[in-house]
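Here is structure36.txt, consisting of compact mmCIF, C-alpha atoms:
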# COMPACT_ATOMS: atom_id res chain seq x y z
CA MET A 23 0.00 0.00 0.00
CA ALA A 24 1.07 3.56 -0.57
CA SER A 25 1.10 6.40 1.90
CA LEU A 26 -1.82 8.81 2.23
CA ALA A 27 0.56 11.52 3.31
CA GLY A 28 -0.22 13.59 0.23
CA SER A 29 -3.87 14.44 0.76
CA SER A 30 -5.40 17.58 -0.71
CA LEU A 31 -5.23 20.76 1.38
CA LEU A 32 -6.06 24.30 0.34
CA ARG A 33 -5.27 27.64 1.87
CA SER A 34 -6.82 28.75 5.14
CA PRO A 35 -10.43 30.01 5.03
CA GLN A 36 -10.99 33.71 4.49
CA PHE A 37 -12.52 35.54 7.45
CA THR A 38 -14.78 38.44 6.58
CA SER A 39 -14.59 39.95 10.07
CA SER A 40 -13.51 39.13 13.59
CA ASN A 41 -16.82 37.48 14.46
CA SER A 42 -18.28 36.26 11.16
CA LEU A 43 -17.16 33.59 8.73
CA LEU A 44 -17.62 33.38 4.98
CA ILE A 45 -16.03 30.27 3.52
CA ARG A 46 -15.36 29.52 -0.14
CA CYS A 47 -13.13 27.01 -1.82
CA ASN A 48 -10.09 28.67 -3.40
CA ASN A 49 -8.63 28.07 -6.83
CA LEU A 50 -8.84 24.30 -7.37
CA SER A 51 -5.72 24.33 -9.52
CA GLU A 52 -3.67 25.47 -6.53
CA SER A 53 -4.17 22.36 -4.41
CA LEU A 54 -1.46 21.64 -1.86
CA LYS A 55 -0.26 18.49 -0.18
CA CYS A 56 -0.49 17.73 3.54
CA LYS A 57 2.03 15.68 5.48
CA ASP A 58 4.72 17.60 7.34
CA ASN A 59 2.96 17.77 10.73
CA GLY A 60 -0.09 19.14 8.94
CA ARG A 61 1.87 21.93 7.24
CA PRO A 62 1.19 22.37 3.48
CA VAL A 63 4.00 21.64 1.05
CA THR A 64 4.33 21.92 -2.73
CA VAL A 65 2.25 19.78 -5.09
CA GLY A 66 4.01 16.53 -5.89
CA ARG A 67 6.81 17.25 -3.40
CA ASP A 68 7.29 16.72 0.31
CA SER A 69 8.68 19.29 2.74
CA ASN A 70 12.25 18.41 1.67
CA GLY A 71 11.53 18.78 -2.04
CA ARG A 72 11.45 15.05 -2.75
CA ALA A 73 8.71 13.42 -4.81
CA ALA A 74 5.63 12.91 -2.65
CA ALA A 75 4.08 9.49 -2.17
CA ALA A 76 1.00 8.58 -4.16
CA LEU A 77 -2.52 8.31 -2.80
CA PRO A 78 -3.76 4.83 -1.82
CA SER A 79 -5.05 2.71 -4.67
CA PHE A 80 -8.68 2.79 -3.53
CA LEU A 81 -8.75 6.61 -3.83
CA SER A 82 -6.13 7.51 -6.41
CA THR A 83 -7.13 5.76 -9.66
CA PRO A 84 -10.01 7.64 -11.30
CA ASN A 85 -10.54 5.24 -14.18
CA GLN A 86 -10.90 2.35 -11.74
CA LEU A 87 -13.17 4.08 -9.25
CA LEU A 88 -14.72 7.46 -9.96
CA ASP A 89 -15.14 6.90 -13.71
CA ARG A 90 -17.12 3.73 -12.97
CA ILE A 91 -19.53 5.62 -10.73
CA PRO A 92 -22.14 7.74 -12.56
CA VAL A 93 -21.33 10.98 -10.72
CA SER A 94 -21.91 14.40 -12.22
CA LYS A 95 -19.16 16.63 -10.85
CA ASN A 96 -21.26 19.64 -11.91
CA ASP A 97 -24.26 18.47 -9.90
CA THR A 98 -25.86 21.71 -8.70
CA ARG A 99 -28.09 19.76 -6.29
CA LEU A 100 -25.15 18.82 -4.08
CA ARG A 101 -24.05 21.51 -1.64
CA ILE A 102 -21.37 21.40 1.05
CA PHE A 103 -21.25 23.92 3.87
CA SER A 104 -18.66 24.26 6.61
CA GLY A 105 -19.05 25.26 10.22
CA THR A 106 -16.31 27.06 12.11
CA ALA A 107 -14.97 23.98 13.94
CA ASN A 108 -12.71 22.63 11.16
CA PRO A 109 -12.91 24.77 7.99
CA SER A 110 -9.62 23.46 6.57
CA LEU A 111 -10.95 19.88 6.48
CA SER A 112 -14.15 21.12 4.82
CA GLN A 113 -12.08 22.81 2.13
CA GLU A 114 -10.11 19.64 1.52
CA ILE A 115 -13.32 17.63 1.14
CA ALA A 116 -14.86 20.12 -1.28
CA CYS A 117 -11.71 20.35 -3.38
CA TYR A 118 -11.34 16.56 -3.56
CA MET A 119 -14.89 16.50 -4.93
CA GLY A 120 -14.21 19.34 -7.37
CA LEU A 121 -16.81 21.58 -5.74
CA GLU A 122 -16.80 24.93 -3.98
CA LEU A 123 -17.93 25.28 -0.41
CA GLY A 124 -21.33 26.90 -0.09
CA LYS A 125 -21.45 30.48 1.14
CA ILE A 126 -22.62 30.72 4.73
CA LYS A 127 -22.44 33.46 7.35
CA ILE A 128 -21.79 32.41 10.94
CA LYS A 129 -21.19 34.86 13.74
CA ARG A 130 -21.49 35.23 17.51
CA PHE A 131 -23.47 37.97 19.16
CA ALA A 132 -22.05 39.87 22.13
CA ASP A 133 -23.91 37.57 24.55
CA GLY A 134 -22.51 34.42 22.89
CA GLU A 135 -25.57 33.48 20.84
CA ILE A 136 -24.88 32.00 17.40
CA TYR A 137 -26.27 33.44 14.16
CA VAL A 138 -26.34 31.41 10.92
CA GLN A 139 -27.48 32.56 7.48
CA LEU A 140 -27.11 30.61 4.24
CA GLN A 141 -26.05 33.04 1.53
CA GLU A 142 -27.23 30.95 -1.39
CA SER A 143 -30.37 28.95 -2.17
CA VAL A 144 -30.53 25.29 -1.12
CA ARG A 145 -34.14 24.67 -2.11
CA GLY A 146 -34.45 21.06 -3.25
CA CYS A 147 -30.73 20.41 -2.71
CA ASP A 148 -28.83 17.57 -1.08
CA VAL A 149 -26.94 19.46 1.65
CA TYR A 150 -23.91 18.26 3.62
CA LEU A 151 -22.87 20.19 6.72
CA VAL A 152 -19.29 19.51 7.88
CA GLN A 153 -18.91 20.24 11.58
CA PRO A 154 -17.07 18.10 14.16
CA THR A 155 -18.29 18.59 17.72
CA CYS A 156 -14.74 18.95 19.04
CA PRO A 157 -13.69 21.35 21.83
CA PRO A 158 -15.40 23.64 22.59
CA ALA A 159 -17.93 20.83 22.26
CA ASN A 160 -21.05 22.70 23.35
CA GLU A 161 -20.34 25.69 21.08
CA ASN A 162 -19.71 23.52 18.04
CA LEU A 163 -22.68 21.26 18.72
CA MET A 164 -25.04 24.22 19.03
CA GLU A 165 -23.63 25.71 15.85
CA LEU A 166 -24.31 22.43 14.02
CA LEU A 167 -27.90 22.34 15.28
CA ILE A 168 -28.53 25.90 14.11
CA MET A 169 -26.97 25.14 10.71
CA ILE A 170 -29.29 22.15 10.32
CA ASP A 171 -32.28 24.28 11.29
CA ALA A 172 -31.31 26.97 8.79
CA CYS A 173 -31.11 24.40 5.98
CA ARG A 174 -34.43 22.83 6.95
CA ARG A 175 -36.17 26.22 6.93
CA ALA A 176 -34.56 26.98 3.57
CA SER A 177 -36.34 23.92 2.07
CA ALA A 178 -33.31 21.69 1.56
CA LYS A 179 -34.39 18.29 0.24
CA ASN A 180 -31.95 16.23 2.32
CA ILE A 181 -29.65 17.34 5.15
CA THR A 182 -26.63 15.22 6.11
CA ALA A 183 -24.61 16.14 9.20
CA VAL A 184 -20.99 15.23 8.46
CA ILE A 185 -19.47 14.85 11.94
CA PRO A 186 -15.80 13.80 11.66
CA TYR A 187 -15.57 13.74 15.47
CA PHE A 188 -18.72 13.02 17.47
CA GLY A 189 -18.44 14.65 20.87
CA TYR A 190 -20.14 13.09 23.90
CA ALA A 191 -19.61 9.66 22.31
CA ARG A 192 -17.94 8.39 25.49
CA ALA A 193 -21.14 9.01 27.47
CA ASP A 194 -22.80 6.07 25.71
CA ARG A 195 -23.94 4.03 28.72
CA LYS A 196 -24.57 4.19 32.44
CA THR A 197 -21.60 2.97 34.47
CA GLN A 198 -23.04 4.20 37.76
CA GLY A 199 -26.47 5.05 39.06
CA ARG A 200 -28.11 8.39 38.24
CA GLU A 201 -25.82 9.12 35.25
CA SER A 202 -27.01 10.57 31.97
CA ILE A 203 -26.47 8.96 28.56
CA ALA A 204 -25.42 12.13 26.76
CA ALA A 205 -24.64 10.37 23.47
CA LYS A 206 -28.32 9.47 23.08
CA LEU A 207 -29.38 13.00 24.01
CA VAL A 208 -27.08 14.53 21.38
CA ALA A 209 -28.36 12.05 18.79
CA ASN A 210 -31.92 13.13 19.59
CA LEU A 211 -30.99 16.81 19.29
CA ILE A 212 -29.42 16.31 15.83
CA THR A 213 -32.44 14.31 14.65
CA GLU A 214 -35.00 16.78 16.00
CA ALA A 215 -33.10 19.72 14.51
CA GLY A 216 -33.93 18.30 11.09
CA ALA A 217 -31.00 16.12 9.93
CA ASP A 218 -31.96 13.28 7.58
CA ARG A 219 -28.66 11.40 7.82
CA VAL A 220 -25.41 11.41 9.78
CA LEU A 221 -21.93 10.67 8.44
CA ALA A 222 -19.50 10.03 11.30
CA CYS A 223 -15.89 8.90 11.52
CA ASP A 224 -14.67 6.33 14.07
CA LEU A 225 -17.35 6.54 16.73
CA HIS A 226 -16.10 5.67 20.19
CA SER A 227 -18.42 2.67 20.28
CA GLY A 228 -20.49 1.10 17.53
CA GLN A 229 -23.69 1.08 19.54
CA SER A 230 -23.81 4.88 19.26
CA MET A 231 -25.20 4.39 15.75
CA GLY A 232 -28.29 2.85 17.33
CA TYR A 233 -28.99 6.05 19.25
CA PHE A 234 -30.00 7.79 16.02
CA ASP A 235 -33.44 7.30 14.52
CA ILE A 236 -32.03 8.28 11.10
CA PRO A 237 -29.49 6.48 8.87
CA VAL A 238 -25.85 6.66 10.02
CA ASP A 239 -22.85 6.06 7.74
CA HIS A 240 -19.88 5.09 9.89
CA VAL A 241 -16.50 5.67 8.22
CA HIS A 242 -13.34 4.15 9.66
CA GLY A 243 -10.07 6.08 9.56
CA GLN A 244 -7.99 2.89 9.71
CA PRO A 245 -7.19 2.75 5.95
CA VAL A 246 -5.52 6.16 6.14
CA ILE A 247 -3.25 5.16 9.03
CA LEU A 248 -2.59 1.68 7.63
CA ASP A 249 -1.43 3.11 4.31
CA TYR A 250 0.98 5.42 6.09
CA LEU A 251 2.39 2.64 8.28
CA ALA A 252 2.82 0.42 5.22
CA SER A 253 4.91 3.15 3.58
CA LYS A 254 7.39 2.96 6.49
CA THR A 255 8.43 -0.57 5.42
CA ILE A 256 8.63 -1.95 8.96
CA CYS A 257 9.36 -5.68 8.88
CA SER A 258 6.12 -7.54 9.57
CA ASP A 259 7.93 -9.99 11.86
CA ASP A 260 8.88 -7.10 14.15
CA LEU A 261 5.36 -5.68 14.50
CA VAL A 262 2.98 -6.09 17.39
CA VAL A 263 -0.31 -4.19 17.69
CA VAL A 264 -1.18 -3.09 21.22
CA SER A 265 -4.58 -2.17 22.63
CA PRO A 266 -4.17 0.43 25.40
CA ASP A 267 -7.13 -1.06 27.30
CA VAL A 268 -9.40 -4.09 27.27
CA GLY A 269 -12.25 -2.09 25.72
CA GLY A 270 -10.23 -1.44 22.55
CA VAL A 271 -9.32 -5.07 21.85
CA ALA A 272 -11.78 -5.47 18.96
CA ARG A 273 -10.44 -2.30 17.30
CA ALA A 274 -6.82 -3.38 17.76
CA ARG A 275 -7.55 -6.91 16.50
CA ALA A 276 -9.10 -5.56 13.30
CA PHE A 277 -6.12 -3.23 12.86
CA ALA A 278 -3.63 -6.07 13.41
CA LYS A 279 -5.40 -8.30 10.89
CA LYS A 280 -4.99 -5.66 8.18
CA LEU A 281 -1.38 -4.99 9.22
CA SER A 282 0.09 -8.28 7.95
CA ASP A 283 -1.91 -10.17 10.58
CA ALA A 284 0.43 -8.90 13.29
CA PRO A 285 0.29 -10.38 16.81
CA LEU A 286 -1.76 -8.62 19.48
CA ALA A 287 -0.91 -7.40 22.97
CA ILE A 288 -3.21 -5.83 25.56
CA VAL A 289 -2.51 -3.33 28.33
CA ASP A 290 -4.64 -4.07 31.39
CA LYS A 291 -5.47 -0.90 33.29
CA ARG A 292 -7.73 0.12 36.12
CA ARG A 293 -9.43 3.52 35.94
CA HIS A 294 -9.99 5.29 39.26
CA GLY A 295 -11.73 8.35 37.83
CA HIS A 296 -12.45 10.29 34.64
CA ASN A 297 -9.27 11.04 32.65
CA VAL A 298 -7.21 9.09 35.23
CA ALA A 299 -5.72 5.69 34.38
CA GLU A 300 -3.37 3.29 36.12
CA VAL A 301 -1.54 0.59 34.16
CA MET A 302 -1.55 -2.77 35.90
CA ASN A 303 -0.22 -5.45 33.55
CA LEU A 304 0.67 -6.39 29.97
CA ILE A 305 -0.87 -9.36 28.17
CA GLY A 306 1.35 -10.48 25.29
CA ASP A 307 5.00 -10.34 24.23
CA VAL A 308 6.57 -7.10 22.95
CA ARG A 309 10.25 -7.72 23.70
CA GLY A 310 12.46 -6.53 20.82
CA LYS A 311 9.43 -5.57 18.71
CA VAL A 312 7.98 -2.40 17.21
CA ALA A 313 4.77 -1.77 19.16
CA VAL A 314 1.90 0.06 17.46
CA MET A 315 -0.65 1.34 19.97
CA VAL A 316 -4.10 1.86 18.45
CA ASP A 317 -6.97 3.88 19.92
CA ASP A 318 -9.89 5.86 18.54
CA MET A 319 -8.93 9.08 20.34
CA ILE A 320 -6.23 10.68 22.46
CA ASP A 321 -7.63 13.02 25.10
CA THR A 322 -5.25 13.74 27.98
CA ALA A 323 -2.94 10.92 26.74
CA GLY A 324 -2.79 9.41 30.24
CA THR A 325 -3.83 5.93 29.10
CA ILE A 326 -1.58 5.73 26.06
CA ALA A 327 1.45 7.33 27.78
CA LYS A 328 1.36 4.95 30.75
CA GLY A 329 0.88 2.08 28.32
CA ALA A 330 3.91 3.18 26.31
CA ALA A 331 6.02 3.37 29.48
CA LEU A 332 5.01 -0.19 30.32
CA LEU A 333 5.88 -1.36 26.80
CA HIS A 334 9.36 0.11 27.11
CA GLN A 335 9.77 -1.62 30.49
CA GLU A 336 8.81 -4.90 28.83
CA GLY A 337 11.50 -4.47 26.16
CA ALA A 338 9.71 -2.91 23.18
CA ARG A 339 12.21 -1.48 20.68
CA GLU A 340 9.99 1.35 19.42
CA VAL A 341 6.48 2.53 20.23
CA TYR A 342 4.12 4.21 17.75
CA ALA A 343 0.81 5.79 18.77
CA CYS A 344 -2.02 5.77 16.22
CA SER A 345 -5.33 7.52 16.76
CA THR A 346 -8.06 8.97 14.57
CA HIS A 347 -9.14 11.81 16.87
CA ALA A 348 -6.62 14.14 18.51
CA VAL A 349 -8.58 15.83 21.29
CA PHE A 350 -5.30 16.78 23.03
CA SER A 351 -6.61 18.13 26.33
CA PRO A 352 -3.83 19.33 28.66
CA PRO A 353 -1.39 17.83 29.52
CA ALA A 354 -1.52 15.62 26.41
CA ILE A 355 1.21 17.47 24.48
CA GLU A 356 3.71 17.18 27.34
CA ARG A 357 3.05 13.46 27.68
CA LEU A 358 3.21 12.70 23.97
CA SER A 359 6.40 14.70 23.37
CA SER A 360 8.25 13.27 26.38
CA GLY A 361 10.23 10.75 24.30
CA LEU A 362 8.07 7.68 24.89
CA PHE A 363 6.91 7.54 21.27
CA GLN A 364 8.87 7.16 18.06
CA GLU A 365 5.92 8.79 16.26
CA VAL A 366 2.39 9.92 17.09
CA ILE A 367 0.13 9.42 14.06
CA ILE A 368 -3.26 11.14 14.02
CA THR A 369 -5.78 12.40 11.46
CA ASN A 370 -7.27 15.85 10.90
CA THR A 371 -10.83 15.10 12.09
CA ILE A 372 -10.02 17.65 14.82
CA PRO A 373 -7.85 20.68 13.98
CA VAL A 374 -4.54 20.83 15.85
CA ALA A 375 -3.27 24.29 16.74
CA GLU A 376 0.20 25.01 15.39
CA GLN A 377 1.53 25.68 18.89
CA ASN A 378 0.65 22.06 19.73
CA TYR A 379 2.92 20.61 17.04
CA PHE A 380 5.88 18.58 18.28
CA PRO A 381 8.59 16.70 16.36
CA GLN A 382 7.04 13.23 16.68
CA LEU A 383 3.60 14.35 15.43
CA THR A 384 2.29 13.29 12.01
CA ILE A 385 -1.13 14.45 10.80
CA LEU A 386 -2.85 12.54 7.98
CA SER A 387 -5.96 13.71 6.14
CA VAL A 388 -9.31 11.91 5.97
CA ALA A 389 -10.71 14.40 3.44
CA ASN A 390 -10.51 12.01 0.49
CA LEU A 391 -12.21 9.29 2.51
CA LEU A 392 -15.07 11.57 3.56
CA GLY A 393 -15.35 13.15 0.11
CA GLU A 394 -15.64 9.78 -1.59
CA THR A 395 -18.24 8.68 0.94
CA ILE A 396 -20.31 11.81 0.30
CA TRP A 397 -20.33 11.08 -3.44
CA ARG A 398 -21.48 7.51 -2.86
CA VAL A 399 -24.19 8.52 -0.40
CA HIS A 400 -25.36 11.28 -2.74
CA ASP A 401 -25.66 8.88 -5.69
CA ASP A 402 -26.95 5.86 -3.73
CA CYS A 403 -24.23 3.63 -5.18
CA ALA A 404 -23.27 1.73 -2.05
CA GLY A 405 -23.05 -1.65 -3.74
CA GLY A 406 -23.51 -1.02 -7.43
CA PHE A 407 -20.02 -0.37 -8.74
CA GLU A 408 -17.70 -0.54 -5.76
CA PRO A 409 -18.69 -1.81 -2.32
CA TYR A 410 -18.64 0.45 0.70
CA SER A 411 -16.26 -2.03 2.31
CA SER A 412 -13.43 -0.76 0.12
CA LEU A 413 -13.60 2.50 2.07
CA GLY A 414 -14.10 0.94 5.48
CA ILE A 415 -17.71 2.15 5.76
CA ASP A 416 -20.28 0.38 7.91

Give the structure from this file in structure tokens form.
Amino acid sequence: MASLAGSSLLRSPQFTSSNSLLIRCNNLSESLKCKDNGRPVTVGRDSNGRAAAALPSFLSTPNQLLDRIPVSKNDTRLRIFSGTANPSLSQEIACYMGLELGKIKIKRFADGEIYVQLQESVRGCDVYLVQPTCPPANENLMELLIMIDACRRASAKNITAVIPYFGYARADRKTQGRESIAAKLVANLITEAGADRVLACDLHSGQSMGYFDIPVDHVHGQPVILDYLASKTICSDDLVVVSPDVGGVARARAFAKKLSDAPLAIVDKRRHGHNVAEVMNLIGDVRGKVAVMVDDMIDTAGTIAKGAALLHQEGAREVYACSTHAVFSPPAIERLSSGLFQEVIITNTIPVAEQNYFPQLTILSVANLLGETIWRVHDDCAGGFEPYSSLGID
């Protein structure tokens, strides 16, 4: 497999004022590549001027994929709008699809209330709203709900909430008495606001899809990370995939199967409180091996950092951390950059501030994956020409 390090990335969004946002896709001929810790580099070249790696085969060969799908790239019924949570990812998605982002005005009033106005007609259109509910979660969630309501009142035919990172996903069950199940509440809010479909990436737990009373397309970010790891040409005999906790065993097992059927190890931990973890034991052999720790998200990095320390104690030669969602709540950066990890590989479902970059950090883009999924959902071609499974979609 080839690396997905060269995913499309355009210039930063243009801000019309300090408190309002007007987003448009820039010149499509000026697409950039994304790899060097999320920093754009020249087309066809990496940050050192060398030839950039190609896109993975399931996204990079038009005559084998896109040309076999009856998609009109000039389809005026398909509209993509971006919220303020991750406008750079929205631009990448739109530019992969050969479209411009829809014009939308979003601003905050002095008292913190959110104002949304669509600045073009969406009557009868298939509308996709790209807005992860990342920190600040409540602000971004409310903005998404108001965007959905604006589209519904503007007579959009179908409204799809594209949520690269679904906040509150960890509150998916009751672990103690008198707790709320916030994931279900948020699902109800999105449905009642007027969304007809949800497109999410790597939900914390699969059962969260059942909380929605509307269709949910669940995209996995694993192919992006797997392609990048494959480009590093690590000997398969030296690999071991590690789950940082018992709850992530199924995820790690699926990852290991696709990574040359690598052996599996499990870190047994006991959690004494929210965002607090204590490593207890290691199940499996990592001595002299390259350990790849796999999780769906990194929040404070307590779990994965203590797991990495244990792996080094048990004789692991190198430790890689792989995660789709980089929440990076303090003190995550200090823990991840402390020297425990050879590399920390994440995706851009959540924007990472430039001041949070560190030498071991690598950011890969899921824009092509989400863009391709949007085309397939829009044209109802889940199984006609190319199965959803080729993109890792449930």

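Considering the residues A:Ala217, A:Ile355, A:Ala172, A:Leu211 and counting all atoms listed in the file, Glu376 of chain A has its shortest atom-to-atom contact with A:Ile355.
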
(Q) Can you measure atom CA of Val184 of chain A to atom CA of Gly269 of chain A for me? One decimal in Å is fine. (A) 26.0 Å

Q: Please identify all polymer residues within 8 Å of Asp307 of chain A, counting only C-alpha atoms, omitting same-chain residues fewer than 2 positions from it, and present them as a ChimeraX atom specification.
A: /A:287,305,309

Q: Have a look at atom CA of Tyr190 of chain A and atom CA of Ala313 of chain A and let me know their distance in Å, one decimal.
A: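 Atom-to-atom, atom CA of Tyr190 of chain A to atom CA of Ala313 of chain A, that is 29.4 Å.
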
(Q) Given only C-alpha atoms as the basis, pick out the residue of A:Ile168, A:Val341, A:Ile236, A:Cys147 nearest to Ala215 of chain A. (A) A:Ile168

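Computed from the coordinates, the atom CA of Leu362 of chain A to atom CA of His334 of chain A distance equals 8.0 Å.
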
What would the file be for segment 120-208 of chain A if you keep C-alpha atoms and write it as an mmCIF file, in the first residue's frame?
data_model
loop_
_atom_site.group_PDB
_atom_site.id
_atom_site.type_symbol
_atom_site.label_atom_id
_atom_site.label_comp_id
_atom_site.auth_asym_id
_atom_site.auth_seq_id
_atom_site.Cartn_x
_atom_site.Cartn_y
_atom_site.Cartn_z
ATOM 1 C CA GLY A 120 -14.215 19.338 -7.375
ATOM 2 C CA LEU A 121 -16.808 21.578 -5.738
ATOM 3 C CA GLU A 122 -16.802 24.931 -3.983
ATOM 4 C CA LEU A 123 -17.932 25.280 -0.412
ATOM 5 C CA GLY A 124 -21.329 26.901 -0.088
ATOM 6 C CA LYS A 125 -21.453 30.482 1.143
ATOM 7 C CA ILE A 126 -22.615 30.724 4.733
ATOM 8 C CA LYS A 127 -22.437 33.465 7.349
ATOM 9 C CA ILE A 128 -21.789 32.405 10.941
ATOM 10 C CA LYS A 129 -21.193 34.860 13.742
ATOM 11 C CA ARG A 130 -21.492 35.228 17.515
ATOM 12 C CA PHE A 131 -23.467 37.972 19.156
ATOM 13 C CA ALA A 132 -22.052 39.865 22.127
ATOM 14 C CA ASP A 133 -23.915 37.571 24.551
ATOM 15 C CA GLY A 134 -22.510 34.421 22.889
ATOM 16 C CA GLU A 135 -25.571 33.482 20.843
ATOM 17 C CA ILE A 136 -24.878 32.002 17.400
ATOM 18 C CA TYR A 137 -26.267 33.439 14.159
ATOM 19 C CA VAL A 138 -26.341 31.407 10.916
ATOM 20 C CA GLN A 139 -27.475 32.557 7.484
ATOM 21 C CA LEU A 140 -27.108 30.609 4.241
ATOM 22 C CA GLN A 141 -26.050 33.043 1.528
ATOM 23 C CA GLU A 142 -27.229 30.945 -1.393
ATOM 24 C CA SER A 143 -30.365 28.953 -2.166
ATOM 25 C CA VAL A 144 -30.528 25.294 -1.123
ATOM 26 C CA ARG A 145 -34.141 24.671 -2.110
ATOM 27 C CA GLY A 146 -34.449 21.055 -3.251
ATOM 28 C CA CYS A 147 -30.727 20.412 -2.713
ATOM 29 C CA ASP A 148 -28.830 17.571 -1.078
ATOM 30 C CA VAL A 149 -26.942 19.463 1.648
ATOM 31 C CA TYR A 150 -23.907 18.263 3.617
ATOM 32 C CA LEU A 151 -22.868 20.188 6.725
ATOM 33 C CA VAL A 152 -19.289 19.510 7.876
ATOM 34 C CA GLN A 153 -18.907 20.242 11.582
ATOM 35 C CA PRO A 154 -17.074 18.099 14.165
ATOM 36 C CA THR A 155 -18.289 18.591 17.718
ATOM 37 C CA CYS A 156 -14.736 18.949 19.039
ATOM 38 C CA PRO A 157 -13.693 21.349 21.827
ATOM 39 C CA PRO A 158 -15.402 23.642 22.590
ATOM 40 C CA ALA A 159 -17.934 20.830 22.258
ATOM 41 C CA ASN A 160 -21.049 22.696 23.352
ATOM 42 C CA GLU A 161 -20.341 25.687 21.082
ATOM 43 C CA ASN A 162 -19.706 23.525 18.041
ATOM 44 C CA LEU A 163 -22.682 21.259 18.724
ATOM 45 C CA MET A 164 -25.044 24.216 19.029
ATOM 46 C CA GLU A 165 -23.631 25.709 15.845
ATOM 47 C CA LEU A 166 -24.310 22.432 14.017
ATOM 48 C CA LEU A 167 -27.899 22.338 15.278
ATOM 49 C CA ILE A 168 -28.533 25.902 14.110
ATOM 50 C CA MET A 169 -26.973 25.144 10.709
ATOM 51 C CA ILE A 170 -29.290 22.153 10.323
ATOM 52 C CA ASP A 171 -32.284 24.275 11.292
ATOM 53 C CA ALA A 172 -31.307 26.975 8.786
ATOM 54 C CA CYS A 173 -31.109 24.401 5.985
ATOM 55 C CA ARG A 174 -34.434 22.833 6.954
ATOM 56 C CA ARG A 175 -36.171 26.218 6.934
ATOM 57 C CA ALA A 176 -34.557 26.981 3.566
ATOM 58 C CA SER A 177 -36.340 23.916 2.073
ATOM 59 C CA ALA A 178 -33.306 21.689 1.561
ATOM 60 C CA LYS A 179 -34.392 18.286 0.238
ATOM 61 C CA ASN A 180 -31.945 16.231 2.317
ATOM 62 C CA ILE A 181 -29.654 17.342 5.147
ATOM 63 C CA THR A 182 -26.634 15.224 6.113
ATOM 64 C CA ALA A 183 -24.614 16.140 9.197
ATOM 65 C CA VAL A 184 -20.992 15.231 8.460
ATOM 66 C CA ILE A 185 -19.466 14.847 11.938
ATOM 67 C CA PRO A 186 -15.801 13.798 11.661
ATOM 68 C CA TYR A 187 -15.569 13.745 15.466
ATOM 69 C CA PHE A 188 -18.715 13.022 17.474
ATOM 70 C CA GLY A 189 -18.437 14.651 20.874
ATOM 71 C CA TYR A 190 -20.144 13.088 23.905
ATOM 72 C CA ALA A 191 -19.614 9.662 22.311
ATOM 73 C CA ARG A 192 -17.936 8.389 25.488
ATOM 74 C CA ALA A 193 -21.137 9.011 27.468
ATOM 75 C CA ASP A 194 -22.796 6.066 25.712
ATOM 76 C CA ARG A 195 -23.942 4.025 28.723
ATOM 77 C CA LYS A 196 -24.570 4.189 32.441
ATOM 78 C CA THR A 197 -21.599 2.966 34.469
ATOM 79 C CA GLN A 198 -23.037 4.200 37.756
ATOM 80 C CA GLY A 199 -26.468 5.053 39.055
ATOM 81 C CA ARG A 200 -28.109 8.390 38.237
ATOM 82 C CA GLU A 201 -25.823 9.120 35.248
ATOM 83 C CA SER A 202 -27.011 10.573 31.966
ATOM 84 C CA ILE A 203 -26.470 8.964 28.563
ATOM 85 C CA ALA A 204 -25.421 12.132 26.759
ATOM 86 C CA ALA A 205 -24.639 10.370 23.466
ATOM 87 C CA LYS A 206 -28.319 9.472 23.080
ATOM 88 C CA LEU A 207 -29.376 13.004 24.013
ATOM 89 C CA VAL A 208 -27.075 14.528 21.383
#
